[in-house]
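To start, the structure itself, in structure tokens.
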Amino acid sequence: MEKVVYEWFLQYQDPVNITGELILEKARDTMKLLYPQQDFEHNFSQGWLKKFKLRHGIKSFRRFGESGSIDIQDIETKLESIREKRDQFLMKDVFNIDETGLFYKLQADHSLATKQLEERKQDKERLTVVICCNEDGSEKIQFLKLFRIKRMIKTVTSFFKNAGRVRTSVYKMEV
């Protein structure tokens, strides 16, 4: 049974992010196939999984990676300038807008393997949510959702404060 699970592991470690739970599930499925006449459920413990990984040299490796560097000194200088400008306004008139992405096709960046696997690019298709409120929290703007649409056009919504009301304008721009 263990040989079958290990052969399966070797076959799928490159194209699939394999977790410990996936190995345990494959071990249970393999036991059902090897011993169909037995009507009890085979349970494999975390201890069995740990020893299985040790016997076969399986470790956790980082699958995806992108590195970048930033100049901390430059950032500190720019932040000081931004704070000086911000201090000229009342807290209710200073707005912060930020976006966050839901990467719904993103895979875990670690996978179990017997060797370091070739890095590959992550699928970064996402739904973007824009969040906005003023500094004192008295005015919160309704969430906006941005989607990618055909021909790589992105819908961007911008805010304009006009006489105490917020209106939105929708623009299309090439991405």
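The way I read the labels, and the way they are meant: chains A, B, ... in the order of the structure tokens, residue 1 as the first residue of every chain, and ligand 1 as the first ligand shown, with later ones counted on from there.
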
request  = Using only C-alpha atoms, determine which residues lie at most 7 Å from A:Asn96, disregarding the query and same-chain residues fewer than 6 positions distant; provide the list as a list of chain:residue names.
outcome  = A:Cys132, A:Cys133, A:Asn134, A:Glu135

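Atom CA of A:Lys121 sits 25.4 Å away from atom CA of A:Gly57.
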
Could you produce a table of the residues of stretch 57-147 of chain A lying within 9 Å of stretch 15-32 of chain A, with the nearest pair of atoms per residue and their separation in Å rounded to one decimal, using only C-alpha atoms, ordered by chain and increasing residue number, as JSON lines?
```
{"residue": "A:Ser60", "atom": "CA", "partner": "A:Thr19", "partner_atom": "CA", "distance": 8.8}
{"residue": "A:Arg63", "atom": "CA", "partner": "A:Asn17", "partner_atom": "CA", "distance": 8.2}
{"residue": "A:Gln107", "atom": "CA", "partner": "A:Asn17", "partner_atom": "CA", "distance": 7.4}
{"residue": "A:Ala108", "atom": "CA", "partner": "A:Asn17", "partner_atom": "CA", "distance": 7.1}
{"residue": "A:Asp109", "atom": "CA", "partner": "A:Asn17", "partner_atom": "CA", "distance": 8.1}
{"residue": "A:His110", "atom": "CA", "partner": "A:Asn17", "partner_atom": "CA", "distance": 7.2}
{"residue": "A:Ser111", "atom": "CA", "partner": "A:Asn17", "partner_atom": "CA", "distance": 4.9}
{"residue": "A:Leu112", "atom": "CA", "partner": "A:Ile18", "partner_atom": "CA", "distance": 5.4}
{"residue": "A:Ala113", "atom": "CA", "partner": "A:Ile18", "partner_atom": "CA", "distance": 7.6}
```

Written selection (C-alpha atoms) as an mmCIF file, in the first residue's frame:
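See part.cif below for the written result:
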```
data_model
loop_
_atom_site.group_PDB
_atom_site.id
_atom_site.type_symbol
_atom_site.label_atom_id
_atom_site.label_comp_id
_atom_site.auth_asym_id
_atom_site.auth_seq_id
_atom_site.Cartn_x
_atom_site.Cartn_y
_atom_site.Cartn_z
ATOM 1 C CA SER A 60 7.775 21.031 2.779
ATOM 2 C CA ARG A 63 6.659 26.367 -4.543
ATOM 3 C CA GLN A 107 -2.658 27.858 -4.671
ATOM 4 C CA ALA A 108 -0.688 27.401 -1.469
ATOM 5 C CA ASP A 109 2.952 28.382 -1.919
ATOM 6 C CA HIS A 110 4.273 25.322 -0.053
ATOM 7 C CA SER A 111 3.901 21.720 -1.126
ATOM 8 C CA LEU A 112 5.252 18.400 0.045
ATOM 9 C CA ALA A 113 7.904 16.975 -2.282
#
```

task = Once DSSP has gone over the backbone, tell me which residues of stretch 22-157 of chain A are in strand (DSSP E), as a PyMOL selection string.
result = chain A and resi 59-62+95-102+110-113+127-134+140-146+148-149+153-157

For N, CA, C and O atoms, I'd like the residues from the last selection saved as a compact mmCIF listing (two decimals), in the first residue's frame.
```
# COMPACT_ATOMS: atom_id res chain seq x y z
N LYS A 59 9.60 16.57 2.30
CA LYS A 59 9.65 17.76 3.15
C LYS A 59 8.77 18.84 2.54
O LYS A 59 8.34 18.74 1.40
N SER A 60 8.55 19.90 3.28
CA SER A 60 7.77 21.03 2.78
C SER A 60 8.71 22.02 2.10
O SER A 60 9.72 22.43 2.67
N PHE A 61 8.39 22.36 0.87
CA PHE A 61 9.19 23.31 0.10
C PHE A 61 8.30 24.44 -0.39
O PHE A 61 7.13 24.24 -0.67
N ARG A 62 8.90 25.61 -0.52
CA ARG A 62 8.20 26.76 -1.08
C ARG A 62 8.10 26.57 -2.58
O ARG A 62 9.09 26.35 -3.26
N PHE A 95 -9.04 61.27 3.67
CA PHE A 95 -9.58 59.96 3.34
C PHE A 95 -8.46 58.99 3.00
O PHE A 95 -7.43 59.38 2.43
N ASN A 96 -8.68 57.77 3.37
CA ASN A 96 -7.75 56.69 3.02
C ASN A 96 -8.51 55.70 2.15
O ASN A 96 -9.60 55.26 2.51
N ILE A 97 -7.93 55.38 1.02
CA ILE A 97 -8.55 54.41 0.13
C ILE A 97 -7.53 53.31 -0.10
O ILE A 97 -6.34 53.57 -0.25
N ASP A 98 -8.00 52.10 -0.07
CA ASP A 98 -7.10 50.97 -0.26
C ASP A 98 -7.84 49.87 -1.01
O ASP A 98 -9.06 49.83 -1.02
N GLU A 99 -7.09 49.02 -1.64
CA GLU A 99 -7.69 47.89 -2.34
C GLU A 99 -7.10 46.61 -1.78
O GLU A 99 -5.99 46.58 -1.27
N THR A 100 -7.87 45.58 -1.86
CA THR A 100 -7.40 44.27 -1.48
C THR A 100 -7.92 43.28 -2.50
O THR A 100 -8.98 43.49 -3.08
N GLY A 101 -7.17 42.25 -2.73
CA GLY A 101 -7.56 41.28 -3.75
C GLY A 101 -7.92 39.94 -3.16
O GLY A 101 -7.31 39.49 -2.20
N LEU A 102 -8.92 39.33 -3.75
CA LEU A 102 -9.27 37.95 -3.43
C LEU A 102 -8.77 37.11 -4.60
O LEU A 102 -9.33 37.14 -5.69
N HIS A 110 3.45 26.43 -0.54
CA HIS A 110 4.27 25.32 -0.05
C HIS A 110 3.60 24.01 -0.46
O HIS A 110 2.38 23.92 -0.50
N SER A 111 4.42 23.03 -0.76
CA SER A 111 3.90 21.72 -1.13
C SER A 111 4.87 20.67 -0.64
O SER A 111 6.08 20.92 -0.55
N LEU A 112 4.38 19.50 -0.35
CA LEU A 112 5.25 18.40 0.05
C LEU A 112 5.89 17.81 -1.21
O LEU A 112 5.23 17.64 -2.23
N ALA A 113 7.18 17.52 -1.14
CA ALA A 113 7.90 16.98 -2.28
C ALA A 113 9.17 16.30 -1.79
O ALA A 113 9.59 16.49 -0.65
N LEU A 127 -10.47 39.05 -7.74
CA LEU A 127 -11.56 40.01 -7.58
C LEU A 127 -10.98 41.08 -6.65
O LEU A 127 -10.43 40.77 -5.60
N THR A 128 -11.07 42.34 -7.04
CA THR A 128 -10.50 43.42 -6.23
C THR A 128 -11.63 44.16 -5.52
O THR A 128 -12.65 44.48 -6.12
N VAL A 129 -11.41 44.45 -4.24
CA VAL A 129 -12.37 45.21 -3.45
C VAL A 129 -11.67 46.50 -3.01
O VAL A 129 -10.55 46.47 -2.53
N VAL A 130 -12.35 47.65 -3.20
CA VAL A 130 -11.80 48.94 -2.80
C VAL A 130 -12.55 49.40 -1.55
O VAL A 130 -13.78 49.38 -1.50
N ILE A 131 -11.77 49.83 -0.56
CA ILE A 131 -12.32 50.24 0.74
C ILE A 131 -11.88 51.69 0.99
O ILE A 131 -10.72 52.02 0.77
N CYS A 132 -12.79 52.52 1.47
CA CYS A 132 -12.46 53.92 1.68
C CYS A 132 -13.19 54.47 2.91
O CYS A 132 -14.38 54.20 3.11
N CYS A 133 -12.48 55.24 3.74
CA CYS A 133 -13.11 55.97 4.84
C CYS A 133 -12.21 57.16 5.21
O CYS A 133 -11.06 57.22 4.81
N ASN A 134 -12.77 58.09 5.99
CA ASN A 134 -11.95 59.22 6.40
C ASN A 134 -11.19 58.88 7.68
O ASN A 134 -11.42 57.85 8.31
N LYS A 140 -17.75 56.40 6.02
CA LYS A 140 -17.26 55.17 5.38
C LYS A 140 -17.98 55.00 4.06
O LYS A 140 -19.19 55.08 4.00
N ILE A 141 -17.21 54.77 3.03
CA ILE A 141 -17.76 54.64 1.68
C ILE A 141 -18.08 53.17 1.42
O ILE A 141 -17.34 52.28 1.85
N GLN A 142 -19.18 52.91 0.72
CA GLN A 142 -19.57 51.54 0.39
C GLN A 142 -18.47 50.85 -0.42
O GLN A 142 -17.83 51.47 -1.27
N PHE A 143 -18.25 49.56 -0.15
CA PHE A 143 -17.24 48.79 -0.88
C PHE A 143 -17.49 48.85 -2.38
O PHE A 143 -18.63 48.84 -2.84
N LEU A 144 -16.42 48.87 -3.13
CA LEU A 144 -16.51 48.76 -4.58
C LEU A 144 -15.82 47.49 -5.00
O LEU A 144 -14.82 47.10 -4.43
N LYS A 145 -16.37 46.85 -6.02
CA LYS A 145 -15.75 45.63 -6.54
C LYS A 145 -15.29 45.91 -7.96
O LYS A 145 -16.03 46.45 -8.76
N LEU A 146 -14.06 45.54 -8.26
CA LEU A 146 -13.50 45.72 -9.59
C LEU A 146 -13.26 44.35 -10.19
O LEU A 146 -12.69 43.48 -9.56
N ARG A 148 -11.98 42.08 -13.77
CA ARG A 148 -11.35 42.08 -15.09
C ARG A 148 -12.41 41.66 -16.08
O ARG A 148 -13.17 40.74 -15.85
N ILE A 149 -12.45 42.35 -17.19
CA ILE A 149 -13.44 42.00 -18.21
C ILE A 149 -12.73 41.78 -19.54
O ILE A 149 -11.52 41.93 -19.63
N ILE A 153 -9.63 45.01 -20.25
CA ILE A 153 -10.07 46.34 -19.82
C ILE A 153 -10.50 46.22 -18.37
O ILE A 153 -11.21 45.31 -17.99
N LYS A 154 -10.04 47.13 -17.54
CA LYS A 154 -10.37 47.09 -16.14
C LYS A 154 -11.30 48.26 -15.82
O LYS A 154 -11.08 49.37 -16.29
N THR A 155 -12.32 48.00 -15.07
CA THR A 155 -13.23 49.06 -14.66
C THR A 155 -12.68 49.66 -13.38
O THR A 155 -12.46 48.97 -12.41
N VAL A 156 -12.46 50.95 -13.41
CA VAL A 156 -11.90 51.65 -12.26
C VAL A 156 -12.92 52.67 -11.79
O VAL A 156 -13.45 53.44 -12.58
N THR A 157 -13.21 52.67 -10.52
CA THR A 157 -14.16 53.62 -9.97
C THR A 157 -13.39 54.61 -9.10
O THR A 157 -12.58 54.23 -8.29
```

request  = Extract, using only C-alpha atoms, all DNA, RNA and protein residues at most 9 Å from A:Asp136, discarding same-chain residues fewer than 5 positions from it, and format them as an NGL selection string.
outcome  = :A and (91-95)

Same residues, all heavy atoms, output as a compact mmCIF listing (two decimals), in the first residue's frame:
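again23.txt, freshly written:
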```
# COMPACT_ATOMS: atom_id res chain seq x y z
N MET A 91 -9.14 65.97 10.36
CA MET A 91 -9.21 64.50 10.25
C MET A 91 -10.42 64.05 9.41
O MET A 91 -10.32 63.09 8.67
CB MET A 91 -9.27 63.86 11.64
CG MET A 91 -7.95 63.91 12.38
SD MET A 91 -8.04 63.24 14.06
CE MET A 91 -8.51 61.58 13.77
N LYS A 92 -11.53 64.78 9.51
CA LYS A 92 -12.72 64.38 8.76
C LYS A 92 -12.56 64.58 7.25
O LYS A 92 -13.30 64.01 6.46
CB LYS A 92 -13.96 65.12 9.27
CG LYS A 92 -13.99 66.59 8.93
CD LYS A 92 -15.25 67.25 9.47
CE LYS A 92 -15.25 68.71 9.09
NZ LYS A 92 -16.13 69.05 8.03
N ASP A 93 -11.57 65.39 6.84
CA ASP A 93 -11.35 65.67 5.43
C ASP A 93 -10.21 64.85 4.81
O ASP A 93 -9.92 65.00 3.63
CB ASP A 93 -11.05 67.16 5.22
CG ASP A 93 -12.25 68.03 5.56
OD1 ASP A 93 -13.39 67.56 5.37
OD2 ASP A 93 -12.04 69.17 6.02
N VAL A 94 -9.60 64.00 5.61
CA VAL A 94 -8.51 63.15 5.11
C VAL A 94 -9.06 61.74 4.91
O VAL A 94 -9.52 61.10 5.86
CB VAL A 94 -7.31 63.11 6.08
CG1 VAL A 94 -6.23 62.18 5.58
CG2 VAL A 94 -6.75 64.52 6.30
N PHE A 95 -9.04 61.27 3.67
CA PHE A 95 -9.58 59.96 3.34
C PHE A 95 -8.46 58.99 3.00
O PHE A 95 -7.43 59.38 2.43
CB PHE A 95 -10.55 60.05 2.15
CG PHE A 95 -11.89 60.55 2.53
CD1 PHE A 95 -12.09 61.90 2.75
CD2 PHE A 95 -12.95 59.68 2.70
CE1 PHE A 95 -13.34 62.37 3.12
CE2 PHE A 95 -14.20 60.14 3.06
CZ PHE A 95 -14.40 61.50 3.28
```
